[in-house]
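Remarks on the structure that follows.
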Amino acid sequence: MSEEITANYTLDLKGVKCPLPVIKVSQHIKKNMQVGEILVAETTDPGAHADFPAWAKTSGNEIVKVEKGDVSKFYIKKLK
């Protein structure tokens, strides 16, 4: 049984191509979120599966869950 994660924000990035999904998520987290809040980024960009983990590592945020599919969902927690 998996733990339910509640997102504080959702960004619809479907149809947006690299590098814009990461840029939009980064901007949203910096401007609109408090530490501990979670954003779900919905994307159709296949590059996001490499881009978001790399960005999270360098930005100090955490990807707490990934749902893969035609529309992938990345649950990202602001840590600092």
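Just so we're on the same page: first chain in the structure tokens is A, next is B, and so on; residues restart at 1 for each chain, and ligands are numbered from 1 in the order they show up.
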Quiz item: Which polymer residues have any atom within 7 Å of an atom of stretch 33-46 of chain A, counting only C-alpha atoms, with same-chain residues fewer than 3 positions away left out, as number ranges by chain?
Solution: A: 7-18, 29-30, 49, 70-80
Any chance you can output those residues with N, CA and C atoms as a PDB file, in the first residue's frame?
```
ATOM      1  N   ALA A   7      -0.518  17.232  -2.839  1.00  0.00           N
ATOM      2  CA  ALA A   7       0.235  18.361  -3.410  1.00  0.00           C
ATOM      3  C   ALA A   7      -0.448  19.675  -3.046  1.00  0.00           C
ATOM      4  N   ASN A   8       0.380  20.681  -2.768  1.00  0.00           N
ATOM      5  CA  ASN A   8      -0.127  22.019  -2.505  1.00  0.00           C
ATOM      6  C   ASN A   8      -0.384  22.774  -3.803  1.00  0.00           C
ATOM      7  N   TYR A   9       0.346  22.413  -4.845  1.00  0.00           N
ATOM      8  CA  TYR A   9       0.255  23.089  -6.142  1.00  0.00           C
ATOM      9  C   TYR A   9       0.360  22.056  -7.261  1.00  0.00           C
ATOM     10  N   THR A  10      -0.240  22.374  -8.408  1.00  0.00           N
ATOM     11  CA  THR A  10      -0.107  21.541  -9.605  1.00  0.00           C
ATOM     12  C   THR A  10       0.260  22.437 -10.773  1.00  0.00           C
ATOM     13  N   LEU A  11       1.280  22.042 -11.516  1.00  0.00           N
ATOM     14  CA  LEU A  11       1.652  22.756 -12.744  1.00  0.00           C
ATOM     15  C   LEU A  11       1.369  21.853 -13.935  1.00  0.00           C
ATOM     16  N   ASP A  12       0.552  22.335 -14.856  1.00  0.00           N
ATOM     17  CA  ASP A  12       0.234  21.606 -16.081  1.00  0.00           C
ATOM     18  C   ASP A  12       1.288  21.976 -17.124  1.00  0.00           C
ATOM     19  N   LEU A  13       2.200  21.062 -17.367  1.00  0.00           N
ATOM     20  CA  LEU A  13       3.296  21.288 -18.315  1.00  0.00           C
ATOM     21  C   LEU A  13       3.179  20.372 -19.527  1.00  0.00           C
ATOM     22  N   LYS A  14       1.992  19.845 -19.744  1.00  0.00           N
ATOM     23  CA  LYS A  14       1.775  18.940 -20.879  1.00  0.00           C
ATOM     24  C   LYS A  14       2.010  19.687 -22.187  1.00  0.00           C
ATOM     25  N   GLY A  15       2.808  19.086 -23.075  1.00  0.00           N
ATOM     26  CA  GLY A  15       3.122  19.696 -24.355  1.00  0.00           C
ATOM     27  C   GLY A  15       4.298  20.660 -24.320  1.00  0.00           C
ATOM     28  N   VAL A  16       4.815  20.954 -23.139  1.00  0.00           N
ATOM     29  CA  VAL A  16       5.951  21.864 -22.981  1.00  0.00           C
ATOM     30  C   VAL A  16       7.232  21.045 -23.088  1.00  0.00           C
ATOM     31  N   LYS A  17       8.151  21.491 -23.930  1.00  0.00           N
ATOM     32  CA  LYS A  17       9.384  20.733 -24.190  1.00  0.00           C
ATOM     33  C   LYS A  17      10.573  21.278 -23.404  1.00  0.00           C
ATOM     34  N   CYS A  18      11.542  20.418 -23.210  1.00  0.00           N
ATOM     35  CA  CYS A  18      12.797  20.710 -22.530  1.00  0.00           C
ATOM     36  C   CYS A  18      13.442  21.963 -23.127  1.00  0.00           C
ATOM     37  N   ILE A  29       8.596  27.225  -7.632  1.00  0.00           N
ATOM     38  CA  ILE A  29       9.045  26.869  -6.280  1.00  0.00           C
ATOM     39  C   ILE A  29       9.676  28.070  -5.591  1.00  0.00           C
ATOM     40  N   LYS A  30      10.512  28.805  -6.284  1.00  0.00           N
ATOM     41  CA  LYS A  30      11.185  29.968  -5.687  1.00  0.00           C
ATOM     42  C   LYS A  30      10.209  31.070  -5.311  1.00  0.00           C
ATOM     43  N   HIS A  49      12.256  12.820 -17.244  1.00  0.00           N
ATOM     44  CA  HIS A  49      12.679  11.733 -16.359  1.00  0.00           C
ATOM     45  C   HIS A  49      14.164  11.816 -16.023  1.00  0.00           C
ATOM     46  N   ASP A  70       1.588   8.283 -19.997  1.00  0.00           N
ATOM     47  CA  ASP A  70       1.512   9.247 -21.101  1.00  0.00           C
ATOM     48  C   ASP A  70       1.693  10.658 -20.564  1.00  0.00           C
ATOM     49  N   VAL A  71       1.127  10.894 -19.398  1.00  0.00           N
ATOM     50  CA  VAL A  71       1.378  12.127 -18.653  1.00  0.00           C
ATOM     51  C   VAL A  71       2.066  11.699 -17.367  1.00  0.00           C
ATOM     52  N   SER A  72       3.323  12.072 -17.216  1.00  0.00           N
ATOM     53  CA  SER A  72       4.065  11.728 -16.002  1.00  0.00           C
ATOM     54  C   SER A  72       3.863  12.809 -14.961  1.00  0.00           C
ATOM     55  N   LYS A  73       3.835  12.383 -13.703  1.00  0.00           N
ATOM     56  CA  LYS A  73       3.652  13.312 -12.589  1.00  0.00           C
ATOM     57  C   LYS A  73       4.848  13.206 -11.653  1.00  0.00           C
ATOM     58  N   PHE A  74       5.467  14.352 -11.405  1.00  0.00           N
ATOM     59  CA  PHE A  74       6.605  14.445 -10.507  1.00  0.00           C
ATOM     60  C   PHE A  74       6.171  15.223  -9.273  1.00  0.00           C
ATOM     61  N   TYR A  75       6.242  14.585  -8.126  1.00  0.00           N
ATOM     62  CA  TYR A  75       5.894  15.232  -6.866  1.00  0.00           C
ATOM     63  C   TYR A  75       7.191  15.762  -6.264  1.00  0.00           C
ATOM     64  N   ILE A  76       7.280  17.075  -6.147  1.00  0.00           N
ATOM     65  CA  ILE A  76       8.536  17.712  -5.755  1.00  0.00           C
ATOM     66  C   ILE A  76       8.324  18.502  -4.464  1.00  0.00           C
ATOM     67  N   LYS A  77       9.143  18.207  -3.469  1.00  0.00           N
ATOM     68  CA  LYS A  77       9.047  18.867  -2.169  1.00  0.00           C
ATOM     69  C   LYS A  77      10.129  19.931  -2.052  1.00  0.00           C
ATOM     70  N   LYS A  78       9.705  21.130  -1.642  1.00  0.00           N
ATOM     71  CA  LYS A  78      10.671  22.217  -1.435  1.00  0.00           C
ATOM     72  C   LYS A  78      11.362  21.985  -0.093  1.00  0.00           C
ATOM     73  N   LEU A  79      12.678  21.896  -0.125  1.00  0.00           N
ATOM     74  CA  LEU A  79      13.440  21.634   1.091  1.00  0.00           C
ATOM     75  C   LEU A  79      14.162  22.848   1.641  1.00  0.00           C
ATOM     76  N   LYS A  80      14.388  23.861   0.798  1.00  0.00           N
ATOM     77  CA  LYS A  80      15.074  25.050   1.325  1.00  0.00           C
ATOM     78  C   LYS A  80      14.689  26.280   0.534  1.00  0.00           C
TER      79      LYS A  80
END
```
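Considering only chain A, backbone DSSP assigns strand (DSSP E or B) to A:Tyr9, A:Thr10, A:Leu11, A:Asp12, A:Leu13, A:Ile38, A:Leu39, A:Val40, A:Ala41, A:Glu42, A:Thr43, A:Glu62, A:Ile63, A:Val64, A:Lys65, A:Val66, A:Glu67, A:Ser72, A:Lys73, A:Phe74, A:Tyr75, A:Ile76, A:Lys77.
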Exercise. Can you check which residues of chain A DSSP gives as helix (DSSP H, G or I) on the backbone and send them as a list in words?
Key: Leu20, Pro21, Val22, Ile23, Lys24, Val25, Ser26, Gln27, His28, Ile29, Lys30, Lys31, Asn32, Ala48, His49, Ala50, Asp51, Phe52, Pro53, Ala54, Trp55, Ala56, Lys57, Thr58 and Ser59 of chain A
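Minimum distance to A:Ala54 across A:Gln27, A:Val22, A:Val66, A:Glu4 (counting only C-alpha atoms) occurs at A:Val22.
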